[in-house]
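Novice: Below is a structure I'd like to ask you about.
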Amino acid sequence: IPNPTPTTPSILRPAVPAKDRLAHWTSSFALSNRSLSIPAADRQRRFDIILSSLDEKTRSNYGAGLIRFHDFCDSRNISESTRMPASDELLATFIASWAGERSDSTLRTWLSGLHFWHTANGALWLEGPQCAAVMKGAKKIVPVTSRRPKRAPVTPNHLVILRQNLVLSNTFDAAVYGVACTAFWGICRLGELVPPSENAFIPSKHVSRACGHKSSTTNNGGAYETFVVPRTKTS
């Protein structure tokens with residue numbers, strides 16, 4: 001049964017928001033395996049650059065996995081030294097403890113967070129056949145409350161209806177239609193094209209005029225525009 005109690009206090013894991021756990025939580029392995037031949041400032045720089053590969057939401061989701069893993073280990077009196085690198089058996093047992101309580105996608109995200117945490121701290125990732133088998137089983141017993149019905153696909157007809165209800169001489173409506181068409185025909189995630197809110201715009205992450213664009217034509221004379229998306233979910 002998953003442990004419902006709060007995380008046991010530890011100097012290795014200070015109380016910080018989920019998005020900051022990857023940065024501020026450490027392990028006995030990480031502390032004892034620091035390369036003395038590499039200056040501390042360079043080690044920290046490397047660690048910070050690795051963390052910068054994740055956006056804030058992903059850091060938060062990974063942080064949720066970290067706290068669940070350590071809650072599990074604390075409740076079973078599993079020593080700090082065996083938590084990193086975590087064995088295939090330990091990872092499989094942790095996931096099995098939550099199978100049927102959370103969706104398989106959530107469990108996979110937690111594992112991904114642990115994997116990233118191991119990589120950032122220079123530890124081997126030992127996920128193997130036991131963990132794979134447990135994940136396969138967990139997918140078959142996902143609770144009904146965690147299942148979401150598949151959404152109906154967006155079709156070109158939706159774009160037609162959208163166009164009929166917009167006034168393209170209005171700059172806002174024109175932007176909405178442009179983003180919709182770009183996302184549909186470019187097979188993009190909306191989060192790759194627009195920020196979540198006006199105040200959340202980040203120049204290095206979100207599309208802007210500074211990204212530049214290029215007009216061109218296809219071999220059969222069709223006109224098209226190309227532009228650079230600063231960051232995608234897979235890059």
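How things are named: the first chain in the structure tokens is A, the next is B, and so on; residues count from 1 in each chain; ligands count from 1 in the order shown.
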Apply DSSP to the structure's backbone, then extract all residues of range 2-190 of chain A labelled alpha helix (DSSP H) and return them as number ranges by chain.

Specialist: A: 21-24, 28-32, 40-51, 56-75, 88-98, 104-120, 129-140, 156-164, 171-185, 190

Novice: Determine which residues of range 11-147 of chain A receive a DSSP assignment of strand (DSSP E or B), computed from the backbone, and state them as a PyMOL selection string.

Specialist: chain A and resi 13+83+86+99+102

Novice: Filtering to N, CA and C atoms, could you give me those residues as a short mmCIF file (atom, residue, chain, number, x, y, z; two decimals), in the first residue's frame?

Specialist:
```cif
data_model
loop_
_atom_site.label_atom_id
_atom_site.label_comp_id
_atom_site.auth_asym_id
_atom_site.auth_seq_id
_atom_site.Cartn_x
_atom_site.Cartn_y
_atom_site.Cartn_z
N ARG A 13 17.36 16.13 1.44
CA ARG A 13 16.17 16.52 0.70
C ARG A 13 15.43 17.64 1.44
N ARG A 83 19.43 3.75 -2.81
CA ARG A 83 18.46 4.53 -3.59
C ARG A 83 19.06 5.11 -4.87
N ALA A 86 19.53 3.12 -8.10
CA ALA A 86 18.43 2.25 -7.69
C ALA A 86 18.42 1.01 -8.58
N ALA A 99 0.77 0.70 -8.63
CA ALA A 99 -0.03 0.15 -9.72
C ALA A 99 -1.49 0.02 -9.29
N ARG A 102 -2.49 4.84 -9.72
CA ARG A 102 -2.19 5.92 -10.64
C ARG A 102 -2.16 5.37 -12.06
#
```

Novice: Which one of A:Val16, A:Val154, A:Ile50, A:Leu107 sits closest to Phe94 in chain A if you count only C-alpha atoms?

Specialist: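 Selected residue with least distance to Phe94 in chain A: A:Leu107.
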
Novice: Residues at most 9 Å from range 168-183 of chain A, counting only C-alpha atoms, excluding those fewer than 4 positions away in the same chain, as a PDB file with N, CA and C atoms, in the first residue's frame?

Specialist:
```pdb
ATOM      1  N   LEU A 159     -11.310  24.071 -39.043  1.00  0.00           N
ATOM      2  CA  LEU A 159     -10.649  25.304 -39.473  1.00  0.00           C
ATOM      3  C   LEU A 159     -11.585  26.165 -40.326  1.00  0.00           C
ATOM      4  N   LEU A 162     -13.952  27.792 -37.945  1.00  0.00           N
ATOM      5  CA  LEU A 162     -13.234  28.842 -37.226  1.00  0.00           C
ATOM      6  C   LEU A 162     -13.084  30.078 -38.114  1.00  0.00           C
ATOM      7  N   ARG A 163     -12.682  29.854 -39.357  1.00  0.00           N
ATOM      8  CA  ARG A 163     -12.491  30.977 -40.286  1.00  0.00           C
ATOM      9  C   ARG A 163     -13.790  31.758 -40.502  1.00  0.00           C
ATOM     10  N   ILE A 187       1.570  20.150 -37.670  1.00  0.00           N
ATOM     11  CA  ILE A 187       1.529  19.082 -36.663  1.00  0.00           C
ATOM     12  C   ILE A 187       2.316  19.516 -35.425  1.00  0.00           C
ATOM     13  N   CYS A 188       1.985  20.689 -34.915  1.00  0.00           N
ATOM     14  CA  CYS A 188       2.674  21.250 -33.746  1.00  0.00           C
ATOM     15  C   CYS A 188       1.802  21.143 -32.501  1.00  0.00           C
ATOM     16  N   ARG A 189       2.451  21.161 -31.374  1.00  0.00           N
ATOM     17  CA  ARG A 189       1.752  21.342 -30.110  1.00  0.00           C
ATOM     18  C   ARG A 189       1.530  22.840 -29.925  1.00  0.00           C
ATOM     19  N   LEU A 190       0.367  23.221 -29.390  1.00  0.00           N
ATOM     20  CA  LEU A 190       0.097  24.647 -29.194  1.00  0.00           C
ATOM     21  C   LEU A 190       1.134  25.278 -28.265  1.00  0.00           C
ATOM     22  N   GLU A 192       4.150  24.838 -28.224  1.00  0.00           N
ATOM     23  CA  GLU A 192       5.368  25.152 -28.963  1.00  0.00           C
ATOM     24  C   GLU A 192       5.238  26.466 -29.739  1.00  0.00           C
ATOM     25  N   LEU A 193       4.008  26.927 -29.904  1.00  0.00           N
ATOM     26  CA  LEU A 193       3.765  28.126 -30.701  1.00  0.00           C
ATOM     27  C   LEU A 193       3.368  29.342 -29.879  1.00  0.00           C
ATOM     28  N   VAL A 194       2.680  29.134 -28.767  1.00  0.00           N
ATOM     29  CA  VAL A 194       2.209  30.260 -27.953  1.00  0.00           C
ATOM     30  C   VAL A 194       2.529  30.010 -26.477  1.00  0.00           C
TER      31      VAL A 194
END
```

Novice: Which distance in Å separates CA of Leu126 in chain A and CA of Pro85 in chain A, to one decimal?

Specialist: 7.2 Å

Novice: So, with only C-alpha atoms as the atoms that count, which of A:Pro196, A:Pro143, A:Gly122, A:Gly222 lies closest to Phe47 in chain A?

Specialist: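 Nearest candidate to Phe47 in chain A out of A:Pro196, A:Pro143, A:Gly122, A:Gly222: A:Gly122.
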
Novice: CA of His70 in chain A and CA of Leu12 in chain A, how far apart in Å?

Specialist: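 CA of His70 in chain A lies 10.9 Å from CA of Leu12 in chain A.
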
Novice: As a ChimeraX atom specification, please: the residues near Ala30 in chain A (cut-off 12 Å, only C-alpha atoms, same-chain neighbours under 6 positions excluded).

Specialist: /A:12,24,43,47,80-81,83-85,117-124

Novice: Identify, on the basis of only C-alpha atoms, every residue whose closest approach to Lys205 in chain A does not exceed 9 Å; exclude the query and any residue fewer than 3 positions from it along the same chain; express the result as a PyMOL selection string.

Specialist: chain A and resi 192+195+201-202+229-232

Novice: How about saving the chosen residues, N, CA and C atoms kept, as a PDB file, in the first residue's frame?

Specialist:
```pdb
ATOM      1  N   GLU A 192       4.150  24.838 -28.224  1.00  0.00           N
ATOM      2  CA  GLU A 192       5.368  25.152 -28.963  1.00  0.00           C
ATOM      3  C   GLU A 192       5.238  26.466 -29.739  1.00  0.00           C
ATOM      4  N   PRO A 195       2.787  31.062 -25.707  1.00  0.00           N
ATOM      5  CA  PRO A 195       3.029  30.914 -24.266  1.00  0.00           C
ATOM      6  C   PRO A 195       1.712  30.644 -23.542  1.00  0.00           C
ATOM      7  N   PHE A 201       5.653  34.843 -21.230  1.00  0.00           N
ATOM      8  CA  PHE A 201       6.448  34.828 -22.458  1.00  0.00           C
ATOM      9  C   PHE A 201       7.940  34.836 -22.144  1.00  0.00           C
ATOM     10  N   ILE A 202       8.678  33.903 -22.761  1.00  0.00           N
ATOM     11  CA  ILE A 202      10.127  33.804 -22.604  1.00  0.00           C
ATOM     12  C   ILE A 202      10.745  33.820 -24.003  1.00  0.00           C
ATOM     13  N   VAL A 229      11.112  27.469 -34.626  1.00  0.00           N
ATOM     14  CA  VAL A 229      10.476  27.328 -33.312  1.00  0.00           C
ATOM     15  C   VAL A 229      11.607  27.164 -32.298  1.00  0.00           C
ATOM     16  N   PRO A 230      11.768  28.110 -31.369  1.00  0.00           N
ATOM     17  CA  PRO A 230      12.917  28.078 -30.447  1.00  0.00           C
ATOM     18  C   PRO A 230      13.061  26.783 -29.665  1.00  0.00           C
ATOM     19  N   ARG A 231      11.934  26.225 -29.228  1.00  0.00           N
ATOM     20  CA  ARG A 231      12.016  24.998 -28.433  1.00  0.00           C
ATOM     21  C   ARG A 231      10.786  24.145 -28.660  1.00  0.00           C
ATOM     22  N   THR A 232      11.004  22.847 -28.812  1.00  0.00           N
ATOM     23  CA  THR A 232       9.898  21.913 -28.926  1.00  0.00           C
ATOM     24  C   THR A 232       9.980  20.916 -27.787  1.00  0.00           C
TER      25      THR A 232
END
```

Novice: Go through A:Ala152, A:Ala223, A:Cys131, A:Leu36 one by one, measure the shortest atom-to-atom distance of each to Ala92 in chain A using only C-alpha atoms, and give the residue with the smallest value.

Specialist: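 Looking at the shortest contact to Ala92 in chain A, the residue is A:Cys131.
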
Novice: Which residues are near Ser103 in chain A? Cut-off 9 Å, only C-alpha atoms, ignore same chain within fewer than 2 positions. Put them as a PDB file with N, CA and C atoms, in the first residue's frame.

Specialist:
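Just written: result_1.pdb:
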```
ATOM      1  N   TRP A  98       2.338   1.392  -6.524  1.00  0.00           N
ATOM      2  CA  TRP A  98       1.380   2.402  -6.984  1.00  0.00           C
ATOM      3  C   TRP A  98       0.499   1.902  -8.118  1.00  0.00           C
ATOM      4  N   ALA A  99       0.766   0.702  -8.629  1.00  0.00           N
ATOM      5  CA  ALA A  99      -0.029   0.147  -9.725  1.00  0.00           C
ATOM      6  C   ALA A  99      -1.486   0.017  -9.285  1.00  0.00           C
ATOM      7  N   GLY A 100      -2.379   0.474 -10.132  1.00  0.00           N
ATOM      8  CA  GLY A 100      -3.796   0.446  -9.792  1.00  0.00           C
ATOM      9  C   GLY A 100      -4.252   1.676  -9.034  1.00  0.00           C
ATOM     10  N   GLU A 101      -3.287   2.487  -8.584  1.00  0.00           N
ATOM     11  CA  GLU A 101      -3.600   3.730  -7.874  1.00  0.00           C
ATOM     12  C   GLU A 101      -3.401   4.952  -8.764  1.00  0.00           C
ATOM     13  N   SER A 105       0.766   6.277 -17.366  1.00  0.00           N
ATOM     14  CA  SER A 105       1.523   7.437 -17.852  1.00  0.00           C
ATOM     15  C   SER A 105       2.139   8.213 -16.696  1.00  0.00           C
ATOM     16  N   THR A 106       1.414   8.307 -15.578  1.00  0.00           N
ATOM     17  CA  THR A 106       1.964   8.977 -14.392  1.00  0.00           C
ATOM     18  C   THR A 106       3.150   8.193 -13.854  1.00  0.00           C
ATOM     19  N   LEU A 107       3.011   6.874 -13.780  1.00  0.00           N
ATOM     20  CA  LEU A 107       4.106   6.033 -13.281  1.00  0.00           C
ATOM     21  C   LEU A 107       5.321   6.133 -14.196  1.00  0.00           C
ATOM     22  N   ARG A 108       5.090   6.204 -15.497  1.00  0.00           N
ATOM     23  CA  ARG A 108       6.203   6.341 -16.434  1.00  0.00           C
ATOM     24  C   ARG A 108       6.890   7.691 -16.264  1.00  0.00           C
ATOM     25  N   ALA A 138       0.994  -2.748 -14.876  1.00  0.00           N
ATOM     26  CA  ALA A 138       0.337  -1.549 -14.346  1.00  0.00           C
ATOM     27  C   ALA A 138      -0.578  -0.925 -15.389  1.00  0.00           C
ATOM     28  N   LYS A 139      -0.195  -1.036 -16.653  1.00  0.00           N
ATOM     29  CA  LYS A 139      -1.012  -0.458 -17.721  1.00  0.00           C
ATOM     30  C   LYS A 139      -2.358  -1.161 -17.836  1.00  0.00           C
ATOM     31  N   ILE A 141      -4.097  -2.404 -15.322  1.00  0.00           N
ATOM     32  CA  ILE A 141      -4.974  -2.208 -14.161  1.00  0.00           C
ATOM     33  C   ILE A 141      -5.092  -0.731 -13.788  1.00  0.00           C
ATOM     34  N   VAL A 142      -4.997   0.129 -14.803  1.00  0.00           N
ATOM     35  CA  VAL A 142      -5.157   1.565 -14.566  1.00  0.00           C
ATOM     36  C   VAL A 142      -6.561   1.817 -14.009  1.00  0.00           C
ATOM     37  N   PRO A 143      -6.676   2.567 -12.907  1.00  0.00           N
ATOM     38  CA  PRO A 143      -8.008   2.845 -12.346  1.00  0.00           C
ATOM     39  C   PRO A 143      -8.881   3.629 -13.323  1.00  0.00           C
ATOM     40  N   THR A 145     -10.814   6.006 -12.823  1.00  0.00           N
ATOM     41  CA  THR A 145     -10.764   7.455 -12.589  1.00  0.00           C
ATOM     42  C   THR A 145      -9.572   8.115 -13.271  1.00  0.00           C
ATOM     43  N   SER A 146      -8.574   7.310 -13.651  1.00  0.00           N
ATOM     44  CA  SER A 146      -7.384   7.863 -14.304  1.00  0.00           C
ATOM     45  C   SER A 146      -7.459   7.789 -15.819  1.00  0.00           C
ATOM     46  N   ARG A 147      -8.498   7.180 -16.322  1.00  0.00           N
ATOM     47  CA  ARG A 147      -8.641   7.043 -17.773  1.00  0.00           C
ATOM     48  C   ARG A 147      -9.443   8.217 -18.331  1.00  0.00           C
TER      49      ARG A 147
END
```

Novice: Could you check which of A:Leu166, A:Val134, A:Ile11, A:Ile161 is closest to Asp88 in chain A, using only C-alpha atoms?

Specialist: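 Nearest candidate to Asp88 in chain A out of A:Leu166, A:Val134, A:Ile11, A:Ile161: A:Val134.
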
Novice: Give me, please, the distance in Å between CA of Gln164 in chain A and CA of Gly212 in chain A, quoted to one decimal.

Specialist: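 Computed distance, CA of Gln164 in chain A to CA of Gly212 in chain A, equals 29.2 Å.
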